[in-house]
>>> print(open('data.cif').read())   # mmCIF, C-alpha atoms
data_entry
loop_
_atom_site.group_PDB
_atom_site.id
_atom_site.type_symbol
_atom_site.label_atom_id
_atom_site.label_comp_id
_atom_site.auth_asym_id
_atom_site.auth_seq_id
_atom_site.Cartn_x
_atom_site.Cartn_y
_atom_site.Cartn_z
ATOM 1 C CA MET A 1 0.000 0.000 0.000
ATOM 2 C CA GLU A 2 1.274 3.454 -0.916
ATOM 3 C CA TRP A 3 0.539 6.608 1.111
ATOM 4 C CA GLU A 4 1.010 10.171 -0.080
ATOM 5 C CA GLU A 5 0.012 13.515 1.340
ATOM 6 C CA ALA A 6 -3.247 14.710 -0.246
ATOM 7 C CA LYS A 7 -2.960 18.486 -0.543
ATOM 8 C CA ASP A 8 -6.107 18.692 -2.678
ATOM 9 C CA VAL A 9 -8.107 16.929 0.028
ATOM 10 C CA ARG A 10 -6.620 19.236 2.674
ATOM 11 C CA ARG A 11 -7.663 22.260 0.598
ATOM 12 C CA ASP A 12 -11.213 20.885 0.285
ATOM 13 C CA ILE A 13 -11.388 20.175 4.035
ATOM 14 C CA LEU A 14 -10.320 23.743 4.837
ATOM 15 C CA GLU A 15 -12.950 25.112 2.436
ATOM 16 C CA ILE A 16 -15.661 22.941 4.001
ATOM 17 C CA LEU A 17 -14.642 24.053 7.500
ATOM 18 C CA LYS A 18 -14.887 27.717 6.498
ATOM 19 C CA VAL A 19 -18.334 27.346 4.956
ATOM 20 C CA LEU A 20 -19.976 24.963 7.444
ATOM 21 C CA LYS A 21 -18.375 26.320 10.613
ATOM 22 C CA PHE A 22 -17.302 23.308 12.650
ATOM 23 C CA PRO A 23 -15.881 25.459 15.501
ATOM 24 C CA TYR A 24 -14.637 22.483 17.515
ATOM 25 C CA ILE A 25 -12.402 21.115 14.738
ATOM 26 C CA LYS A 26 -8.779 22.236 14.828
ATOM 27 C CA PRO A 27 -7.721 22.405 11.160
ATOM 28 C CA SER A 28 -4.036 22.258 12.111
ATOM 29 C CA ARG A 29 -4.650 18.809 13.642
ATOM 30 C CA ILE A 30 -6.343 17.321 10.557
ATOM 31 C CA PHE A 31 -3.983 15.495 8.200
ATOM 32 C CA CYS A 32 -4.949 14.197 4.758
ATOM 33 C CA PHE A 33 -3.506 11.280 2.812
ATOM 34 C CA ARG A 34 -4.300 9.397 -0.383
ATOM 35 C CA THR A 35 -3.686 5.672 -0.564
ATOM 36 C CA ASN A 36 -3.211 3.330 -3.475
ATOM 37 C CA GLY A 37 -3.426 -0.429 -3.276
ATOM 38 C CA SER A 38 -6.079 -0.831 -0.581
ATOM 39 C CA LYS A 39 -8.604 -3.643 -0.960
ATOM 40 C CA SER A 40 -11.252 -1.658 0.924
ATOM 41 C CA ARG A 41 -14.444 -0.627 -0.861
ATOM 42 C CA SER A 42 -14.564 2.669 1.052
ATOM 43 C CA TYR A 43 -14.131 6.061 -0.559
ATOM 44 C CA ALA A 44 -12.467 7.450 2.546
ATOM 45 C CA ARG A 45 -11.680 6.667 6.171
ATOM 46 C CA ILE A 46 -10.873 8.710 9.223
ATOM 47 C CA TRP A 47 -8.223 7.636 11.702
ATOM 48 C CA ALA A 48 -7.959 8.891 15.272
ATOM 49 C CA MET A 49 -5.120 9.193 17.760
ATOM 50 C CA PRO A 50 -6.348 7.377 20.891
ATOM 51 C CA LYS A 51 -5.915 9.036 24.304
ATOM 52 C CA ILE A 52 -3.346 6.518 25.475
ATOM 53 C CA PHE A 53 -1.038 7.377 22.561
ATOM 54 C CA GLN A 54 -1.636 11.092 23.066
ATOM 55 C CA ARG A 55 -0.518 10.779 26.688
ATOM 56 C CA ALA A 56 2.373 8.419 25.971
ATOM 57 C CA LEU A 57 3.754 10.670 23.217
ATOM 58 C CA SER A 58 2.783 13.987 24.862
ATOM 59 C CA ILE A 59 0.843 15.164 21.821
ATOM 60 C CA GLU A 60 -2.596 16.671 21.345
ATOM 61 C CA SER A 61 -5.391 14.856 19.559
ATOM 62 C CA ALA A 62 -5.220 14.552 15.790
ATOM 63 C CA TYR A 63 -7.157 12.971 12.953
ATOM 64 C CA VAL A 64 -6.079 11.597 9.592
ATOM 65 C CA ILE A 65 -8.513 11.596 6.705
ATOM 66 C CA GLU A 66 -7.482 8.957 4.185
ATOM 67 C CA VAL A 67 -9.016 8.899 0.722
ATOM 68 C CA LEU A 68 -8.734 5.686 -1.238
ATOM 69 C CA SER A 69 -7.599 6.744 -4.680
ATOM 70 C CA LYS A 70 -9.151 3.766 -6.464
ATOM 71 C CA HIS A 71 -12.673 4.926 -5.551
ATOM 72 C CA TYR A 72 -12.438 8.536 -4.363
ATOM 73 C CA ASP A 73 -10.616 9.925 -7.396
ATOM 74 C CA LYS A 74 -13.420 8.747 -9.715
ATOM 75 C CA LEU A 75 -16.029 10.859 -7.892
ATOM 76 C CA ASP A 76 -17.195 14.246 -9.151
ATOM 77 C CA GLU A 77 -16.372 17.293 -7.016
ATOM 78 C CA ASP A 78 -19.759 17.370 -5.264
ATOM 79 C CA ASN A 79 -19.539 13.747 -4.174
ATOM 80 C CA LYS A 80 -15.950 14.243 -3.002
ATOM 81 C CA LYS A 81 -17.145 17.084 -0.768
ATOM 82 C CA LYS A 82 -20.007 14.953 0.537
ATOM 83 C CA VAL A 83 -17.569 12.160 1.422
ATOM 84 C CA LEU A 84 -15.303 14.613 3.271
ATOM 85 C CA ILE A 85 -18.245 16.090 5.198
ATOM 86 C CA HIS A 86 -19.185 12.548 6.192
ATOM 87 C CA GLU A 87 -15.669 11.902 7.514
ATOM 88 C CA LEU A 88 -15.624 15.195 9.464
ATOM 89 C CA LEU A 89 -18.873 14.186 11.166
ATOM 90 C CA HIS A 90 -17.030 11.297 12.850
ATOM 91 C CA ILE A 91 -15.101 13.859 14.942
ATOM 92 C CA PRO A 92 -16.721 14.506 18.348
ATOM 93 C CA LYS A 93 -17.358 18.044 19.594
ATOM 94 C CA ASN A 94 -14.632 17.736 22.251
ATOM 95 C CA PHE A 95 -11.998 16.897 19.572
ATOM 96 C CA SER A 96 -10.680 14.224 21.920
ATOM 97 C CA GLY A 97 -9.142 11.793 19.468
ATOM 98 C CA ALA A 98 -12.175 9.500 19.631
ATOM 99 C CA LEU A 99 -14.536 8.756 16.725
ATOM 100 C CA LEU A 100 -18.311 8.927 16.557
ATOM 101 C CA PRO A 101 -20.252 5.978 15.103
ATOM 102 C CA HIS A 102 -22.479 6.139 12.024
ATOM 103 C CA ARG A 103 -25.647 5.811 14.090
ATOM 104 C CA SER A 104 -26.758 6.753 17.559
ATOM 105 C CA ARG A 105 -30.170 7.240 19.129
ATOM 106 C CA SER A 106 -30.281 10.883 18.144
ATOM 107 C CA ARG A 107 -28.521 10.996 14.788
ATOM 108 C CA HIS A 108 -27.767 9.171 11.570
ATOM 109 C CA LEU A 109 -24.458 10.295 10.112
ATOM 110 C CA GLY A 110 -25.451 9.672 6.469
ATOM 111 C CA SER A 111 -28.596 11.806 6.722
ATOM 112 C CA LEU A 112 -26.730 14.563 8.523
ATOM 113 C CA ALA A 113 -23.967 14.515 5.883
ATOM 114 C CA ASN A 114 -26.556 14.956 3.115
ATOM 115 C CA LYS A 115 -28.216 17.847 4.974
ATOM 116 C CA LEU A 116 -24.890 19.590 5.587
ATOM 117 C CA PHE A 117 -23.820 19.087 1.973
ATOM 118 C CA LYS A 118 -26.978 20.902 0.808
ATOM 119 C CA GLU A 119 -26.201 23.690 3.280
ATOM 120 C CA TYR A 120 -22.638 23.818 1.924
ATOM 121 C CA LYS A 121 -23.825 24.080 -1.702
ATOM 122 C CA ASN A 122 -26.355 26.784 -0.839
ATOM 123 C CA SER A 123 -23.653 28.845 0.892
ATOM 124 C CA LEU A 124 -21.409 29.000 -2.171
#
>>> encode(input="data.cif", output="structure tokens")
Amino acid sequence: MEWEEAKDVRRDILEILKVLKFPYIKPSRIFCFRTNGSKSRSYARIWAMPKIFQRALSIESAYVIEVLSKHYDKLDEDNKKKVLIHELLHIPKNFSGALLPHRSRSRHLGSLANKLFKEYKNSL
């Protein structure tokens, strides 16, 4: 598997954060990579830095958004943004290094991602 920094994804994330106003997300602690060679069927994944590693390494929480080139790069720009919004929604409001699940009693991440994408498009 090959990993490379994804500056285009980083640029899109920063744009999304400006438009949608996720005040709890620290853009400087979001890192973006593109992978080639994964067998996953996902378009993207988000990786967290668990608390135990944060304490052991004396670092603050961070997240890595990985896009899987094989699938993500084929998407049009709107669907790429929707995928990135979806990944950002996994980050909890306390920016702790944990990840939120797709479903809880009070929310469904897919539905919320679609709603926020419409809000994003209307704000442009």
>>> atom_distance(input="data.cif", atom1="atom CA of Leu68 of chain A", atom2="atom CA of His90 of chain A")
17.3 Å
>>> residues_around(input="data.cif", residues="His71 of chain A", least_positions_apart="2", cutoff="10 Å", atoms="only C-alpha atoms", output="PDB file with C-alpha atoms, in the coordinates of the input")
ATOM      1  CA  ASN A  36      -3.211   3.330  -3.475  1.00  0.00           C
ATOM      2  CA  SER A  40     -11.252  -1.658   0.924  1.00  0.00           C
ATOM      3  CA  ARG A  41     -14.444  -0.627  -0.861  1.00  0.00           C
ATOM      4  CA  SER A  42     -14.564   2.669   1.052  1.00  0.00           C
ATOM      5  CA  TYR A  43     -14.131   6.061  -0.559  1.00  0.00           C
ATOM      6  CA  ALA A  44     -12.467   7.450   2.546  1.00  0.00           C
ATOM      7  CA  VAL A  67      -9.016   8.899   0.722  1.00  0.00           C
ATOM      8  CA  LEU A  68      -8.734   5.686  -1.238  1.00  0.00           C
ATOM      9  CA  SER A  69      -7.599   6.744  -4.680  1.00  0.00           C
ATOM     10  CA  ASP A  73     -10.616   9.925  -7.396  1.00  0.00           C
ATOM     11  CA  LYS A  74     -13.420   8.747  -9.715  1.00  0.00           C
ATOM     12  CA  LEU A  75     -16.029  10.859  -7.892  1.00  0.00           C
TER      13      LEU A  75
END
>>> closest_residue(input="data.cif", among="A:Asp76, A:Lys39, A:Ile30, A:Lys82", to="Ala62 of chain A", atoms="only C-alpha atoms")
A:Ile30
>>> resolve_selection(input="data.cif", expression="the PyMOL selection byres ((chain A and resi 91-107) around 12)", output="PyMOL selection string")
chain A and resi 22-27+29-30+45-55+59-65+84-90+108-113+115
>>> write_last_selection(input="data.cif", atoms="C-alpha atoms", output="PDB file, in the coordinates of the input")
ATOM      1  CA  PHE A  22     -17.302  23.308  12.650  1.00  0.00           C
ATOM      2  CA  PRO A  23     -15.881  25.459  15.501  1.00  0.00           C
ATOM      3  CA  TYR A  24     -14.637  22.483  17.515  1.00  0.00           C
ATOM      4  CA  ILE A  25     -12.402  21.115  14.738  1.00  0.00           C
ATOM      5  CA  LYS A  26      -8.779  22.236  14.828  1.00  0.00           C
ATOM      6  CA  PRO A  27      -7.721  22.405  11.160  1.00  0.00           C
ATOM      7  CA  ARG A  29      -4.650  18.809  13.642  1.00  0.00           C
ATOM      8  CA  ILE A  30      -6.343  17.321  10.557  1.00  0.00           C
ATOM      9  CA  ARG A  45     -11.680   6.667   6.171  1.00  0.00           C
ATOM     10  CA  ILE A  46     -10.873   8.710   9.223  1.00  0.00           C
ATOM     11  CA  TRP A  47      -8.223   7.636  11.702  1.00  0.00           C
ATOM     12  CA  ALA A  48      -7.959   8.891  15.272  1.00  0.00           C
ATOM     13  CA  MET A  49      -5.120   9.193  17.760  1.00  0.00           C
ATOM     14  CA  PRO A  50      -6.348   7.377  20.891  1.00  0.00           C
ATOM     15  CA  LYS A  51      -5.915   9.036  24.304  1.00  0.00           C
ATOM     16  CA  ILE A  52      -3.346   6.518  25.475  1.00  0.00           C
ATOM     17  CA  PHE A  53      -1.038   7.377  22.561  1.00  0.00           C
ATOM     18  CA  GLN A  54      -1.636  11.092  23.066  1.00  0.00           C
ATOM     19  CA  ARG A  55      -0.518  10.779  26.688  1.00  0.00           C
ATOM     20  CA  ILE A  59       0.843  15.164  21.821  1.00  0.00           C
ATOM     21  CA  GLU A  60      -2.596  16.671  21.345  1.00  0.00           C
ATOM     22  CA  SER A  61      -5.391  14.856  19.559  1.00  0.00           C
ATOM     23  CA  ALA A  62      -5.220  14.552  15.790  1.00  0.00           C
ATOM     24  CA  TYR A  63      -7.157  12.971  12.953  1.00  0.00           C
ATOM     25  CA  VAL A  64      -6.079  11.597   9.592  1.00  0.00           C
ATOM     26  CA  ILE A  65      -8.513  11.596   6.705  1.00  0.00           C
ATOM     27  CA  LEU A  84     -15.303  14.613   3.271  1.00  0.00           C
ATOM     28  CA  ILE A  85     -18.245  16.090   5.198  1.00  0.00           C
ATOM     29  CA  HIS A  86     -19.185  12.548   6.192  1.00  0.00           C
ATOM     30  CA  GLU A  87     -15.669  11.902   7.514  1.00  0.00           C
ATOM     31  CA  LEU A  88     -15.624  15.195   9.464  1.00  0.00           C
ATOM     32  CA  LEU A  89     -18.873  14.186  11.166  1.00  0.00           C
ATOM     33  CA  HIS A  90     -17.030  11.297  12.850  1.00  0.00           C
ATOM     34  CA  HIS A 108     -27.767   9.171  11.570  1.00  0.00           C
ATOM     35  CA  LEU A 109     -24.458  10.295  10.112  1.00  0.00           C
ATOM     36  CA  GLY A 110     -25.451   9.672   6.469  1.00  0.00           C
ATOM     37  CA  SER A 111     -28.596  11.806   6.722  1.00  0.00           C
ATOM     38  CA  LEU A 112     -26.730  14.563   8.523  1.00  0.00           C
ATOM     39  CA  ALA A 113     -23.967  14.515   5.883  1.00  0.00           C
ATOM     40  CA  LYS A 115     -28.216  17.847   4.974  1.00  0.00           C
TER      41      LYS A 115
END
>>> atom_distance(input="data.cif", atom1="atom CA of Lys81 of chain A", atom2="atom CA of Ile16 of chain A")
7.7 Å
>>> closest_residue(input="data.cif", among="A:Phe33, A:Asp78, A:Leu124, A:Leu57", to="Arg10 of chain A", atoms="all atoms listed in the file")
A:Phe33
>>> atom_distance(input="data.cif", atom1="atom CA of Ser38 of chain A", atom2="atom CA of Met1 of chain A")
6.2 Å
>>> axis_aligned_box(input="data.cif", around="segment 107-113 of chain A", padding_each_side="6 Å", output="lines of an AutoDock Vina configuration file")
center_x = -26.3
center_y = 11.9
center_z = 10.3
size_x = 16.6
size_y = 17.4
size_z = 20.9
>>> resolve_selection(input="data.cif", expression="the PyMOL selection byres ((chain A and resi 120-123) around 8)", output="PyMOL selection string")
chain A and resi 16+19-20+116-119+124
>>> write_last_selection(input="data.cif", atoms="C-alpha atoms", output="PDB file, in the coordinates of the input")
ATOM      1  CA  ILE A  16     -15.661  22.941   4.001  1.00  0.00           C
ATOM      2  CA  VAL A  19     -18.334  27.346   4.956  1.00  0.00           C
ATOM      3  CA  LEU A  20     -19.976  24.963   7.444  1.00  0.00           C
ATOM      4  CA  LEU A 116     -24.890  19.590   5.587  1.00  0.00           C
ATOM      5  CA  PHE A 117     -23.820  19.087   1.973  1.00  0.00           C
ATOM      6  CA  LYS A 118     -26.978  20.902   0.808  1.00  0.00           C
ATOM      7  CA  GLU A 119     -26.201  23.690   3.280  1.00  0.00           C
ATOM      8  CA  LEU A 124     -21.409  29.000  -2.171  1.00  0.00           C
TER       9      LEU A 124
END
>>> residues_near_point(input="data.cif", point="(2.5, 13.4, -1.1)", cutoff="10 Å", atoms="all atoms listed in the file", output="ChimeraX atom specification")
/A:3-7,32-35
>>> decode(input="data.cif", residues="segment 31-69 of chain A", atoms="N, CA and C atoms", output="CSV table (one decimal), in the first residue's frame")
chain,number,residue,atom,x,y,z
A,31,PHE,N,-5.0,15.9,9.2
A,31,PHE,CA,-4.0,15.5,8.2
A,31,PHE,C,-4.7,14.7,7.1
A,32,CYS,N,-4.3,14.9,5.9
A,32,CYS,CA,-4.9,14.2,4.8
A,32,CYS,C,-4.0,13.4,3.9
A,33,PHE,N,-4.3,12.2,3.6
A,33,PHE,CA,-3.5,11.3,2.8
A,33,PHE,C,-4.4,10.6,1.8
A,34,ARG,N,-3.7,10.2,0.7
A,34,ARG,CA,-4.3,9.4,-0.4
A,34,ARG,C,-3.6,8.1,-0.4
A,35,THR,N,-4.3,7.0,-0.5
A,35,THR,CA,-3.7,5.7,-0.6
A,35,THR,C,-4.0,5.0,-1.9
A,36,ASN,N,-3.1,4.2,-2.3
A,36,ASN,CA,-3.2,3.3,-3.5
A,36,ASN,C,-2.9,1.9,-3.0
A,37,GLY,N,-3.7,1.0,-3.6
A,37,GLY,CA,-3.4,-0.4,-3.3
A,37,GLY,C,-4.3,-1.0,-2.2
A,38,SER,N,-5.2,-0.3,-1.6
A,38,SER,CA,-6.1,-0.8,-0.6
A,38,SER,C,-7.1,-1.7,-1.2
A,39,LYS,N,-7.5,-2.7,-0.5
A,39,LYS,CA,-8.6,-3.6,-1.0
A,39,LYS,C,-10.0,-3.2,-0.5
A,40,SER,N,-10.0,-2.2,0.4
A,40,SER,CA,-11.3,-1.7,0.9
A,40,SER,C,-12.2,-1.1,-0.2
A,41,ARG,N,-13.5,-1.2,0.1
A,41,ARG,CA,-14.4,-0.6,-0.9
A,41,ARG,C,-14.8,0.8,-0.5
A,42,SER,N,-14.3,1.3,0.6
A,42,SER,CA,-14.6,2.7,1.1
A,42,SER,C,-14.0,3.7,0.1
A,43,TYR,N,-14.7,4.9,0.1
A,43,TYR,CA,-14.1,6.1,-0.6
A,43,TYR,C,-13.1,6.8,0.3
A,44,ALA,N,-13.4,6.8,1.6
A,44,ALA,CA,-12.5,7.4,2.5
A,44,ALA,C,-12.6,6.8,3.9
A,45,ARG,N,-11.6,7.1,4.8
A,45,ARG,CA,-11.7,6.7,6.2
A,45,ARG,C,-11.1,7.8,7.0
A,46,ILE,N,-11.5,7.8,8.3
A,46,ILE,CA,-10.9,8.7,9.2
A,46,ILE,C,-10.2,7.9,10.3
A,47,TRP,N,-9.0,8.3,10.7
A,47,TRP,CA,-8.2,7.6,11.7
A,47,TRP,C,-8.0,8.6,12.9
A,48,ALA,N,-8.1,8.1,14.1
A,48,ALA,CA,-8.0,8.9,15.3
A,48,ALA,C,-6.7,8.5,16.0
A,49,MET,N,-6.3,9.4,16.9
A,49,MET,CA,-5.1,9.2,17.8
A,49,MET,C,-5.7,8.9,19.2
A,50,PRO,N,-5.7,7.7,19.6
A,50,PRO,CA,-6.3,7.4,20.9
A,50,PRO,C,-5.6,8.1,22.1
A,51,LYS,N,-6.4,8.3,23.1
A,51,LYS,CA,-5.9,9.0,24.3
A,51,LYS,C,-4.6,8.4,24.9
A,52,ILE,N,-4.5,7.1,24.9
A,52,ILE,CA,-3.3,6.5,25.5
A,52,ILE,C,-2.1,6.9,24.7
A,53,PHE,N,-2.2,7.0,23.4
A,53,PHE,CA,-1.0,7.4,22.6
A,53,PHE,C,-0.8,8.9,22.7
A,54,GLN,N,-1.8,9.7,22.8
A,54,GLN,CA,-1.6,11.1,23.1
A,54,GLN,C,-0.8,11.3,24.4
A,55,ARG,N,-1.2,10.6,25.4
A,55,ARG,CA,-0.5,10.8,26.7
A,55,ARG,C,0.9,10.2,26.6
A,56,ALA,N,1.0,9.1,26.0
A,56,ALA,CA,2.4,8.4,26.0
A,56,ALA,C,3.4,9.3,25.2
A,57,LEU,N,2.9,9.9,24.1
A,57,LEU,CA,3.8,10.7,23.2
A,57,LEU,C,3.7,12.2,23.5
A,58,SER,N,2.9,12.6,24.5
A,58,SER,CA,2.8,14.0,24.9
A,58,SER,C,2.4,14.8,23.7
A,59,ILE,N,1.3,14.4,23.0
A,59,ILE,CA,0.8,15.2,21.8
A,59,ILE,C,-0.7,15.4,22.0
A,60,GLU,N,-1.2,16.4,21.3
A,60,GLU,CA,-2.6,16.7,21.3
A,60,GLU,C,-3.3,15.8,20.3
A,61,SER,N,-4.6,15.7,20.5
A,61,SER,CA,-5.4,14.9,19.6
A,61,SER,C,-5.2,15.3,18.1
A,62,ALA,N,-5.4,14.3,17.2
A,62,ALA,CA,-5.2,14.6,15.8
A,62,ALA,C,-6.1,13.5,15.0
A,63,TYR,N,-6.4,13.9,13.8
A,63,TYR,CA,-7.2,13.0,13.0
A,63,TYR,C,-6.5,12.9,11.6
A,64,VAL,N,-6.6,11.8,11.0
A,64,VAL,CA,-6.1,11.6,9.6
A,64,VAL,C,-7.3,11.2,8.7
A,65,ILE,N,-7.5,12.0,7.7
A,65,ILE,CA,-8.5,11.6,6.7
A,65,ILE,C,-7.8,11.0,5.5
A,66,GLU,N,-8.1,9.7,5.3
A,66,GLU,CA,-7.5,9.0,4.2
A,66,GLU,C,-8.5,8.8,3.1
A,67,VAL,N,-8.2,9.2,1.9
A,67,VAL,CA,-9.0,8.9,0.7
A,67,VAL,C,-8.4,7.8,-0.1
A,68,LEU,N,-9.2,6.8,-0.5
A,68,LEU,CA,-8.7,5.7,-1.2
A,68,LEU,C,-8.8,6.0,-2.7
A,69,SER,N,-7.7,6.2,-3.3
A,69,SER,CA,-7.6,6.7,-4.7
A,69,SER,C,-8.5,6.0,-5.7
